[in-house]
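A.B. asks: Here you go, protein.txt (compact mmCIF, C-alpha atoms):
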```
# COMPACT_ATOMS: atom_id res chain seq x y z
CA MET A 1 -67.90 -49.03 -8.74
CA GLN A 2 -70.77 -49.77 -11.07
CA ILE A 3 -74.24 -48.30 -10.67
CA THR A 4 -77.10 -50.08 -12.38
CA TYR A 5 -80.51 -48.67 -13.24
CA GLU A 6 -83.56 -50.04 -15.01
CA PRO A 7 -85.91 -47.93 -17.11
CA ILE A 8 -89.22 -46.90 -15.51
CA GLY A 9 -90.75 -46.27 -18.93
CA ILE A 10 -90.08 -45.32 -22.53
CA ILE A 11 -90.39 -42.03 -24.41
CA THR A 12 -92.16 -41.83 -27.76
CA SER A 13 -91.46 -38.81 -29.96
CA PRO A 14 -91.50 -37.73 -33.61
CA HIS A 15 -87.66 -37.64 -33.60
CA LYS A 16 -86.72 -40.97 -35.16
CA GLN A 17 -83.00 -40.36 -35.69
CA MET A 18 -80.27 -38.29 -34.07
CA GLU A 19 -80.09 -35.87 -36.98
CA GLY A 20 -82.58 -33.01 -37.09
CA ILE A 21 -83.62 -32.96 -33.44
CA PRO A 22 -84.34 -29.56 -31.88
CA ILE A 23 -81.74 -28.22 -29.45
CA GLN A 24 -83.16 -28.35 -25.91
CA SER A 25 -86.86 -28.23 -25.00
CA ARG A 26 -86.62 -24.50 -25.68
CA GLY A 27 -86.00 -25.28 -29.35
CA ALA A 28 -88.85 -27.84 -29.41
CA THR A 29 -91.80 -25.65 -28.46
CA GLY A 30 -95.06 -27.37 -29.28
CA ILE A 31 -93.51 -30.68 -30.37
CA ARG A 32 -95.52 -33.45 -28.76
CA GLY A 33 -94.57 -36.88 -27.53
CA SER A 34 -95.55 -39.29 -24.83
CA ILE A 35 -94.16 -41.39 -22.03
CA THR A 36 -95.33 -44.92 -21.32
CA ILE A 37 -94.73 -45.83 -17.68
CA TYR A 38 -94.17 -49.51 -16.91
CA PRO A 39 -96.81 -51.15 -14.67
CA PRO A 40 -94.71 -51.61 -11.49
CA PHE A 41 -94.25 -47.83 -11.21
CA LEU A 42 -97.79 -46.57 -11.92
CA GLU A 43 -98.58 -45.69 -8.31
CA GLY A 44 -95.64 -43.29 -8.36
CA LEU A 45 -97.59 -41.01 -10.75
CA GLN A 46 -100.10 -39.96 -8.07
CA ASP A 47 -100.43 -36.12 -7.95
CA LEU A 48 -97.99 -35.62 -10.81
CA GLU A 49 -100.70 -34.09 -12.99
CA GLY A 50 -100.70 -31.09 -10.64
CA PHE A 51 -97.42 -29.98 -12.18
CA SER A 52 -97.31 -28.28 -15.58
CA HIS A 53 -93.63 -29.07 -16.16
CA LEU A 54 -91.54 -32.16 -15.50
CA ILE A 55 -87.83 -32.89 -15.32
CA LEU A 56 -87.06 -36.04 -17.28
CA ILE A 57 -83.84 -37.95 -16.68
CA TYR A 58 -83.14 -40.52 -19.36
CA HIS A 59 -80.51 -42.62 -21.06
CA PHE A 60 -79.05 -41.51 -24.43
CA HIS A 61 -79.48 -45.03 -25.74
CA LEU A 62 -77.95 -44.42 -29.18
CA SER A 63 -74.92 -42.62 -27.84
CA GLU A 64 -71.73 -44.68 -28.10
CA GLY A 65 -68.53 -43.80 -26.29
CA TYR A 66 -67.77 -40.21 -25.41
CA GLU A 67 -65.63 -37.26 -26.36
CA LEU A 68 -64.17 -35.10 -23.55
CA GLN A 69 -64.02 -31.94 -25.67
CA PRO A 70 -66.81 -31.98 -28.27
CA THR A 71 -67.86 -29.06 -30.45
CA PRO A 72 -71.51 -28.50 -29.44
CA PHE A 73 -74.31 -27.60 -31.85
CA LEU A 74 -74.45 -24.03 -30.56
CA ASP A 75 -70.78 -23.24 -31.19
CA THR A 76 -67.96 -23.77 -33.66
CA LYS A 77 -65.28 -24.37 -31.00
CA PRO A 78 -64.79 -27.38 -28.70
CA HIS A 79 -65.61 -27.20 -24.99
CA GLY A 80 -65.21 -29.60 -22.09
CA VAL A 81 -68.11 -32.05 -22.25
CA PHE A 82 -69.26 -31.09 -18.72
CA ALA A 83 -69.63 -27.50 -19.93
CA THR A 84 -71.99 -28.72 -22.69
CA ARG A 85 -75.26 -30.66 -23.04
CA ALA A 86 -73.81 -32.92 -25.76
CA PRO A 87 -75.14 -36.51 -25.63
CA ARG A 88 -71.84 -38.42 -25.91
CA ARG A 89 -70.88 -38.09 -22.23
CA PRO A 90 -68.95 -40.43 -19.89
CA ASN A 91 -72.37 -41.37 -18.47
CA PRO A 92 -74.84 -40.68 -21.30
CA ILE A 93 -77.56 -39.22 -19.09
CA GLY A 94 -80.03 -36.82 -20.66
CA PHE A 95 -82.00 -34.10 -18.91
CA SER A 96 -85.02 -32.27 -20.36
CA ILE A 97 -87.76 -30.06 -18.97
CA VAL A 98 -91.03 -30.83 -20.76
CA ARG A 99 -94.58 -29.61 -20.42
CA LEU A 100 -97.11 -32.13 -19.13
CA ILE A 101 -100.41 -31.97 -21.01
CA ARG A 102 -102.27 -34.85 -19.36
CA ILE A 103 -101.94 -38.29 -17.87
CA ARG A 104 -104.17 -41.14 -19.09
CA GLU A 105 -103.53 -44.19 -16.95
CA HIS A 106 -99.95 -45.18 -17.78
CA VAL A 107 -99.39 -42.65 -20.60
CA LEU A 108 -98.16 -39.10 -20.08
CA GLU A 109 -98.76 -36.74 -22.98
CA ILE A 110 -95.96 -34.21 -23.12
CA GLU A 111 -94.91 -31.16 -25.13
CA ASN A 112 -91.61 -29.40 -25.97
CA VAL A 113 -89.95 -32.73 -26.64
CA ASP A 114 -86.28 -32.69 -27.74
CA ILE A 115 -85.82 -36.40 -27.07
CA LEU A 116 -85.22 -39.27 -29.48
CA ASP A 117 -88.02 -41.80 -30.03
CA GLY A 118 -87.57 -44.98 -28.00
CA THR A 119 -85.46 -43.38 -25.27
CA PRO A 120 -85.44 -45.29 -21.95
CA LEU A 121 -86.68 -43.11 -19.11
CA LEU A 122 -84.88 -43.32 -15.76
CA ASP A 123 -86.69 -40.80 -13.58
CA ILE A 124 -89.33 -38.07 -13.46
CA LYS A 125 -89.18 -35.20 -10.99
CA PRO A 126 -91.55 -32.25 -10.75
CA TYR A 127 -90.12 -28.95 -12.05
CA VAL A 128 -90.52 -26.58 -9.11
CA PRO A 129 -89.84 -22.86 -9.65
CA GLN A 130 -88.72 -22.26 -6.06
CA PHE A 131 -86.06 -25.00 -6.42
CA ASP A 132 -85.17 -24.88 -10.09
CA ILE A 133 -85.17 -21.22 -11.08
CA VAL A 134 -81.78 -19.87 -10.08
CA GLY A 135 -80.25 -16.48 -10.73
CA VAL A 136 -76.83 -16.91 -12.33
CA GLU A 137 -73.84 -14.57 -12.40
CA ARG A 138 -72.37 -15.99 -15.60
CA SER A 139 -73.16 -18.63 -18.21
CA GLY A 140 -69.81 -19.07 -19.94
CA TRP A 141 -69.64 -19.79 -23.65
CA LEU A 142 -73.45 -20.05 -23.74
CA GLU A 143 -73.89 -16.41 -22.77
CA ASN A 144 -76.04 -14.82 -25.48
CA LYS A 145 -76.14 -18.12 -27.39
CA GLY A 146 -79.33 -19.84 -28.34
CA GLU A 147 -81.45 -16.82 -29.23
CA ASN A 148 -82.22 -18.51 -32.55
CA ILE A 149 -82.51 -21.92 -30.92
CA GLY A 150 -85.88 -22.57 -32.52
CA GLU A 151 -84.18 -22.66 -35.93
CA ILE A 152 -81.21 -24.88 -35.04
CA ARG A 153 -81.33 -28.66 -35.38
CA SER A 154 -78.88 -31.39 -34.53
CA ASP A 155 -76.63 -32.72 -37.29
CA ARG A 156 -74.66 -35.95 -37.60
CA ARG A 157 -71.78 -35.00 -35.32
CA PHE A 158 -72.81 -37.17 -32.35
CA GLN A 159 -74.25 -39.92 -34.50
CA SER A 160 -73.40 -43.47 -33.55
CA LYS A 161 -72.63 -46.09 -36.16
CA LYS A 162 -75.87 -47.92 -35.32
CA ASP A 163 -78.13 -44.94 -35.95
CA MET B 1 -82.80 -53.80 -19.77
CA GLN B 2 -80.03 -52.76 -17.41
CA ILE B 3 -78.16 -49.50 -17.74
CA THR B 4 -74.77 -49.25 -16.05
CA TYR B 5 -72.89 -46.10 -15.14
CA GLU B 6 -69.61 -45.41 -13.37
CA PRO B 7 -68.99 -42.36 -11.20
CA ILE B 8 -66.96 -39.52 -12.73
CA GLY B 9 -66.08 -38.21 -9.28
CA ILE B 10 -67.14 -37.94 -5.66
CA ILE B 11 -68.87 -35.18 -3.68
CA THR B 12 -67.55 -34.04 -0.31
CA SER B 13 -69.90 -32.13 1.98
CA PRO B 14 -70.49 -31.34 5.66
CA HIS B 15 -73.61 -33.57 5.60
CA LYS B 16 -72.35 -36.83 7.07
CA GLN B 17 -75.68 -38.60 7.57
CA MET B 18 -79.13 -38.55 5.98
CA GLU B 19 -80.71 -36.78 8.94
CA GLY B 20 -80.44 -33.00 9.15
CA ILE B 21 -79.66 -32.25 5.52
CA PRO B 22 -81.13 -29.06 4.06
CA ILE B 23 -84.05 -29.46 1.65
CA GLN B 24 -82.85 -28.63 -1.87
CA SER B 25 -79.98 -26.29 -2.73
CA ARG B 26 -82.39 -23.46 -1.97
CA GLY B 27 -82.38 -24.54 1.68
CA ALA B 28 -78.58 -24.90 1.70
CA THR B 29 -77.55 -21.34 0.85
CA GLY B 30 -73.88 -20.78 1.66
CA ILE B 31 -73.14 -24.39 2.63
CA ARG B 32 -69.89 -25.36 0.95
CA GLY B 33 -68.60 -28.61 -0.36
CA SER B 34 -66.38 -29.89 -3.13
CA ILE B 35 -66.25 -32.33 -6.01
CA THR B 36 -63.20 -34.43 -6.81
CA ILE B 37 -63.18 -35.42 -10.47
CA TYR B 38 -61.43 -38.66 -11.35
CA PRO B 39 -58.34 -38.34 -13.62
CA PRO B 40 -59.79 -39.88 -16.83
CA PHE B 41 -62.42 -37.11 -17.00
CA LEU B 42 -60.33 -34.01 -16.21
CA GLU B 43 -60.26 -32.73 -19.80
CA GLY B 44 -64.06 -32.57 -19.69
CA LEU B 45 -63.86 -29.65 -17.23
CA GLN B 46 -62.50 -27.24 -19.86
CA ASP B 47 -64.54 -23.96 -19.88
CA LEU B 48 -66.77 -25.12 -17.02
CA GLU B 49 -65.49 -22.32 -14.77
CA GLY B 50 -67.30 -19.85 -17.03
CA PHE B 51 -70.60 -20.98 -15.50
CA SER B 52 -71.66 -19.79 -12.05
CA HIS B 53 -74.13 -22.64 -11.53
CA LEU B 54 -73.97 -26.35 -12.30
CA ILE B 55 -76.50 -29.15 -12.54
CA LEU B 56 -75.20 -32.19 -10.67
CA ILE B 57 -76.63 -35.63 -11.36
CA TYR B 58 -75.61 -38.17 -8.76
CA HIS B 59 -76.44 -41.50 -7.14
CA PHE B 60 -78.26 -41.57 -3.77
CA HIS B 61 -75.78 -44.18 -2.53
CA LEU B 62 -77.33 -44.71 0.91
CA SER B 63 -80.86 -45.04 -0.42
CA GLU B 64 -82.17 -48.59 -0.24
CA GLY B 65 -85.27 -49.77 -2.04
CA TYR B 66 -88.05 -47.34 -2.83
CA GLU B 67 -91.52 -46.27 -1.84
CA LEU B 68 -94.01 -45.35 -4.58
CA GLN B 69 -96.01 -42.97 -2.38
CA PRO B 70 -93.74 -41.40 0.24
CA THR B 71 -94.62 -38.50 2.51
CA PRO B 72 -92.06 -35.84 1.54
CA PHE B 73 -90.32 -33.50 4.00
CA LEU B 74 -92.36 -30.54 2.82
CA ASP B 75 -95.77 -32.13 3.43
CA THR B 76 -97.69 -34.32 5.86
CA LYS B 77 -99.49 -36.30 3.15
CA PRO B 78 -98.11 -38.95 0.79
CA HIS B 79 -97.59 -38.21 -2.91
CA GLY B 80 -96.49 -40.29 -5.88
CA VAL B 81 -92.69 -40.50 -5.76
CA PHE B 82 -92.38 -38.95 -9.25
CA ALA B 83 -94.24 -35.88 -7.93
CA THR B 84 -91.58 -35.52 -5.18
CA ARG B 85 -87.83 -35.12 -4.88
CA ALA B 86 -87.59 -37.88 -2.24
CA PRO B 87 -84.35 -39.93 -2.45
CA ARG B 88 -85.85 -43.45 -2.26
CA ARG B 89 -86.86 -43.68 -5.92
CA PRO B 90 -87.04 -46.63 -8.35
CA ASN B 91 -83.74 -45.30 -9.76
CA PRO B 92 -82.15 -43.34 -6.90
CA ILE B 93 -80.87 -40.47 -9.05
CA GLY B 94 -80.30 -37.12 -7.37
CA PHE B 95 -80.38 -33.72 -9.03
CA SER B 96 -79.07 -30.48 -7.50
CA ILE B 97 -78.21 -27.04 -8.81
CA VAL B 98 -75.11 -25.74 -7.02
CA ARG B 99 -73.01 -22.61 -7.29
CA LEU B 100 -69.49 -23.07 -8.62
CA ILE B 101 -66.92 -21.02 -6.71
CA ARG B 102 -63.74 -22.16 -8.42
CA ILE B 103 -61.94 -25.08 -10.01
CA ARG B 104 -58.45 -26.05 -8.86
CA GLU B 105 -57.13 -28.81 -11.07
CA HIS B 106 -59.40 -31.77 -10.30
CA VAL B 107 -61.32 -30.16 -7.42
CA LEU B 108 -64.46 -28.05 -7.85
CA GLU B 109 -65.36 -25.89 -4.88
CA ILE B 110 -69.13 -25.54 -4.70
CA GLU B 111 -71.79 -23.80 -2.61
CA ASN B 112 -75.47 -24.39 -1.74
CA VAL B 113 -74.80 -28.08 -1.19
CA ASP B 114 -77.74 -30.28 -0.12
CA ILE B 115 -75.88 -33.51 -0.91
CA LEU B 116 -74.62 -36.22 1.42
CA ASP B 117 -70.86 -36.57 1.94
CA GLY B 118 -69.33 -39.33 -0.19
CA THR B 119 -72.01 -39.23 -2.90
CA PRO B 120 -70.89 -40.68 -6.27
CA LEU B 121 -71.24 -38.11 -9.05
CA LEU B 122 -72.59 -39.27 -12.41
CA ASP B 123 -72.67 -36.12 -14.52
CA ILE B 124 -72.19 -32.35 -14.53
CA LYS B 125 -74.07 -30.07 -16.91
CA PRO B 126 -73.94 -26.28 -17.06
CA TYR B 127 -77.05 -24.54 -15.67
CA VAL B 128 -78.18 -22.33 -18.53
CA PRO B 129 -80.95 -19.77 -17.89
CA GLN B 130 -82.24 -19.85 -21.47
CA PHE B 131 -82.71 -23.65 -21.22
CA ASP B 132 -83.46 -24.20 -17.55
CA ILE B 133 -85.66 -21.31 -16.46
CA VAL B 134 -89.18 -22.22 -17.45
CA GLY B 135 -92.44 -20.45 -16.73
CA VAL B 136 -94.91 -22.89 -15.18
CA GLU B 137 -98.70 -22.81 -15.07
CA ARG B 138 -98.99 -24.93 -11.92
CA SER B 139 -96.76 -26.64 -9.38
CA GLY B 140 -99.15 -29.05 -7.69
CA TRP B 141 -98.82 -29.84 -4.00
CA LEU B 142 -95.62 -27.76 -3.89
CA GLU B 143 -97.49 -24.56 -4.76
CA ASN B 144 -96.69 -22.08 -1.98
CA LYS B 145 -94.61 -24.70 -0.16
CA GLY B 146 -91.00 -24.17 0.73
CA GLU B 147 -91.13 -20.53 1.74
CA ASN B 148 -89.46 -21.51 5.02
CA ILE B 149 -87.19 -24.00 3.30
CA GLY B 150 -84.08 -22.55 4.93
CA GLU B 151 -85.37 -23.74 8.31
CA ILE B 152 -86.43 -27.27 7.32
CA ARG B 153 -84.06 -30.22 7.57
CA SER B 154 -84.38 -33.87 6.62
CA ASP B 155 -85.35 -36.35 9.31
CA ARG B 156 -84.98 -40.14 9.49
CA ARG B 157 -87.89 -41.04 7.25
CA PHE B 158 -85.79 -42.04 4.21
CA GLN B 159 -82.97 -43.46 6.30
CA SER B 160 -81.53 -46.78 5.21
CA LYS B 161 -80.53 -49.42 7.73
CA LYS B 162 -76.86 -48.91 6.86
CA ASP B 163 -76.83 -45.19 7.60
```
Please express the file's structure as structure tokens.
C.D. replies:
Amino acid sequence: MQITYEPIGIITSPHKQMEGIPIQSRGATGIRGSITIYPPFLEGLQDLEGFSHLILIYHFHLSEGYELQPTPFLDTKPHGVFATRAPRRPNPIGFSIVRLIRIREHVLEIENVDILDGTPLLDIKPYVPQFDIVGVERSGWLENKGENIGEIRSDRRFQSKKD
Amino acid sequence: MQITYEPIGIITSPHKQMEGIPIQSRGATGIRGSITIYPPFLEGLQDLEGFSHLILIYHFHLSEGYELQPTPFLDTKPHGVFATRAPRRPNPIGFSIVRLIRIREHVLEIENVDILDGTPLLDIKPYVPQFDIVGVERSGWLENKGENIGEIRSDRRFQSKKD
């Protein structure tokens, strides 16, 4: 079974290569970028500006192949890929929560951007505290990790040959 | 540009049709289901059981076409589709946060399931409080909505002809 999507827009950011990107939006505080929405989808932006934060679902376009047990940036040991946010996944789908600054026609100005420049955007959903803030009992190998996330950057480990 | 994915597994749930499904995981507290992961991806589950909550990214397989300004279940007025969680989207990608009860070989038992039975699963990511809990300034038309979410169910409005 094959599932086919087409981008609804494209993400522009200061991150021009896979090396040196902040880890998660949390590590990208204040870094600005933008989204250009393609004309057929413009009407879908109605009322979006009411939300301060957006969930972006996008395609890791430079990711090639996948590794089932990668060593993620925040650890020195391998973990199952589904227990990580690593980009080389069986379906290279990225997920980020960004802050929406403003919308000008077909351009969304965003902040806290941990996404590569030129990334094809698949979907936008509003980030809604009553749906998306969940109390957890445990957070596995990531427990107590990421306190210094603002200082960590990606390295070449998930680099594709094209990049 | 076309982007093609293949399911990594399939979701089983008590929700057999699009009508009567709880709204968001938050409205589905205690409802159980399971995920069957396909054999090529089993190694990717390593260490996942350490996390109590998972982000599921899946394909709304019964959704046909899309509406750019639907009237969502939680309101009586239309909104831009990207400001809603409605299933009939340009790319019908679903996103739910579920509780992981246990993993037995290739089967994940999950709870708080607002997903249709037979849904193809595209990706699993760990829900990580330090990445995924974000303080918002505003949440648009959903502000103060959803307090009675446990009592609301989907109706036929996003029903496809096949369903």
A.B. asks: Pick out the residues sitting within 10 Å of Leu116 in chain A, and hand them over as a list in words; count all atoms listed in the file, and ignore anything fewer than 5 positions along from it in its own chain.
C.D. replies: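 So, after excluding close chain neighbours, the residues are Ile11, Thr12, Ser13, Pro14, His15, Lys16, Gln17, Met18, Glu19, Ile21, Gly33, Phe60, His61 and Leu62 of chain A.
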A.B. asks: Residues of the last selection are to be written out with C-alpha atoms, as a PDB file, in the coordinates of the input.
C.D. replies:
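File written: part_14.pdb
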```
ATOM      1  CA  ILE A  11     -90.390 -42.030 -24.410  1.00  0.00           C
ATOM      2  CA  THR A  12     -92.160 -41.830 -27.760  1.00  0.00           C
ATOM      3  CA  SER A  13     -91.460 -38.810 -29.960  1.00  0.00           C
ATOM      4  CA  PRO A  14     -91.500 -37.730 -33.610  1.00  0.00           C
ATOM      5  CA  HIS A  15     -87.660 -37.640 -33.600  1.00  0.00           C
ATOM      6  CA  LYS A  16     -86.720 -40.970 -35.160  1.00  0.00           C
ATOM      7  CA  GLN A  17     -83.000 -40.360 -35.690  1.00  0.00           C
ATOM      8  CA  MET A  18     -80.270 -38.290 -34.070  1.00  0.00           C
ATOM      9  CA  GLU A  19     -80.090 -35.870 -36.980  1.00  0.00           C
ATOM     10  CA  ILE A  21     -83.620 -32.960 -33.440  1.00  0.00           C
ATOM     11  CA  GLY A  33     -94.570 -36.880 -27.530  1.00  0.00           C
ATOM     12  CA  PHE A  60     -79.050 -41.510 -24.430  1.00  0.00           C
ATOM     13  CA  HIS A  61     -79.480 -45.030 -25.740  1.00  0.00           C
ATOM     14  CA  LEU A  62     -77.950 -44.420 -29.180  1.00  0.00           C
TER      15      LEU A  62
END
```
A.B. asks: Around (-92.6, -23.7, -1.3) in the file's own coordinates, what residues are found within 10 Å if you use all atoms listed in the file, given back as a PyMOL selection string?
C.D. replies: (chain A and resi 128-131) or (chain B and resi 74+139+141-149)
A.B. asks: Quote the spacing between CA of Glu6 in chain A and CA of Asn112 in chain A in Å to one decimal place.
C.D. replies: 24.7 Å
A.B. asks: Could you produce a table of the residues of chain A lying within 7 Å of chain B, with the nearest pair of atoms per residue and their separation in Å rounded to one decimal, using only C-alpha atoms, ordered by chain and increasing residue number, as a Markdown table?
C.D. replies:
```
| residue | atom | partner | partner_atom | distance |
| --- | --- | --- | --- | --- |
| A:Met1 | CA | B:Glu6 | CA | 6.1 |
| A:Gln2 | CA | B:Glu6 | CA | 5.1 |
| A:Ile3 | CA | B:Tyr5 | CA | 5.2 |
| A:Thr4 | CA | B:Thr4 | CA | 4.4 |
| A:Tyr5 | CA | B:Ile3 | CA | 5.1 |
| A:Glu6 | CA | B:Gln2 | CA | 5.1 |
| A:Gln24 | CA | B:Phe131 | CA | 6.7 |
| A:Arg26 | CA | B:Phe131 | CA | 6.0 |
| A:Glu43 | CA | B:Leu68 | CA | 5.9 |
| A:Gly44 | CA | B:Gly80 | CA | 4.0 |
| A:Leu45 | CA | B:Gly80 | CA | 5.0 |
| A:Gln46 | CA | B:Gly80 | CA | 4.2 |
| A:Asp47 | CA | B:Gly80 | CA | 6.1 |
| A:Leu48 | CA | B:Ala83 | CA | 4.7 |
| A:Gly50 | CA | B:Gly140 | CA | 3.9 |
| A:Phe51 | CA | B:Ser139 | CA | 4.4 |
| A:Ser52 | CA | B:Arg138 | CA | 5.2 |
| A:His53 | CA | B:Val136 | CA | 6.4 |
| A:Leu68 | CA | B:Gly44 | CA | 4.6 |
| A:Gln69 | CA | B:Gly44 | CA | 6.0 |
| A:His79 | CA | B:Gln46 | CA | 6.0 |
| A:Gly80 | CA | B:Gly44 | CA | 4.0 |
| A:Val81 | CA | B:Gly44 | CA | 4.8 |
| A:Phe82 | CA | B:Lys125 | CA | 5.2 |
| A:Ala83 | CA | B:Leu48 | CA | 4.7 |
| A:Thr84 | CA | B:Lys125 | CA | 6.3 |
| A:Arg85 | CA | B:Lys125 | CA | 6.3 |
| A:Asn91 | CA | B:Tyr5 | CA | 5.8 |
| A:Leu122 | CA | B:Asn91 | CA | 6.4 |
| A:Asp123 | CA | B:Asn91 | CA | 6.6 |
| A:Ile124 | CA | B:Phe82 | CA | 5.3 |
| A:Lys125 | CA | B:Phe82 | CA | 5.2 |
| A:Pro126 | CA | B:Ala83 | CA | 5.3 |
| A:Val128 | CA | B:Ser139 | CA | 6.2 |
| A:Phe131 | CA | B:Arg26 | CA | 6.0 |
| A:Ile133 | CA | B:Ile133 | CA | 5.4 |
| A:Val136 | CA | B:Ser52 | CA | 5.9 |
| A:Glu137 | CA | B:Ser52 | CA | 5.7 |
| A:Arg138 | CA | B:Ser52 | CA | 5.2 |
| A:Ser139 | CA | B:Phe51 | CA | 4.4 |
| A:Gly140 | CA | B:Gly50 | CA | 3.9 |
```
A.B. asks: Kindly give the distance, in Å, that separates CA of Ile115 in chain A and CA of Arg88 in chain B, rounded to a single decimal.
C.D. replies: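 CA of Ile115 in chain A sits 25.8 Å away from CA of Arg88 in chain B.
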A.B. asks: What is the distance, in Å and to one decimal place, between CA of Asp75 in chain A and CA of Glu151 in chain A?
C.D. replies: 14.2 Å
A.B. asks: Smallest atom-to-atom distance to Glu111 in chain A: which of A:Gln159, A:Gly9, A:Thr76, A:Gly30, using all atoms listed in the file?
C.D. replies: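 Ranked by minimum distance to Glu111 in chain A, first place goes to A:Gly30.
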A.B. asks: Calculated over only C-alpha atoms, which of the candidates A:Arg104, A:Pro87, A:Gly20, A:Pro39 has the smallest distance to Tyr58 in chain A?
C.D. replies: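 For Tyr58 in chain A, the nearest of the given residues is A:Pro87.
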A.B. asks: Considering all atoms listed in the file, can you say which of A:Thr71, A:Ser34, A:Ser154, A:Ser63 comes closest to Glu109 in chain A?
C.D. replies: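 For Glu109 in chain A, the nearest of the given residues is A:Ser34.
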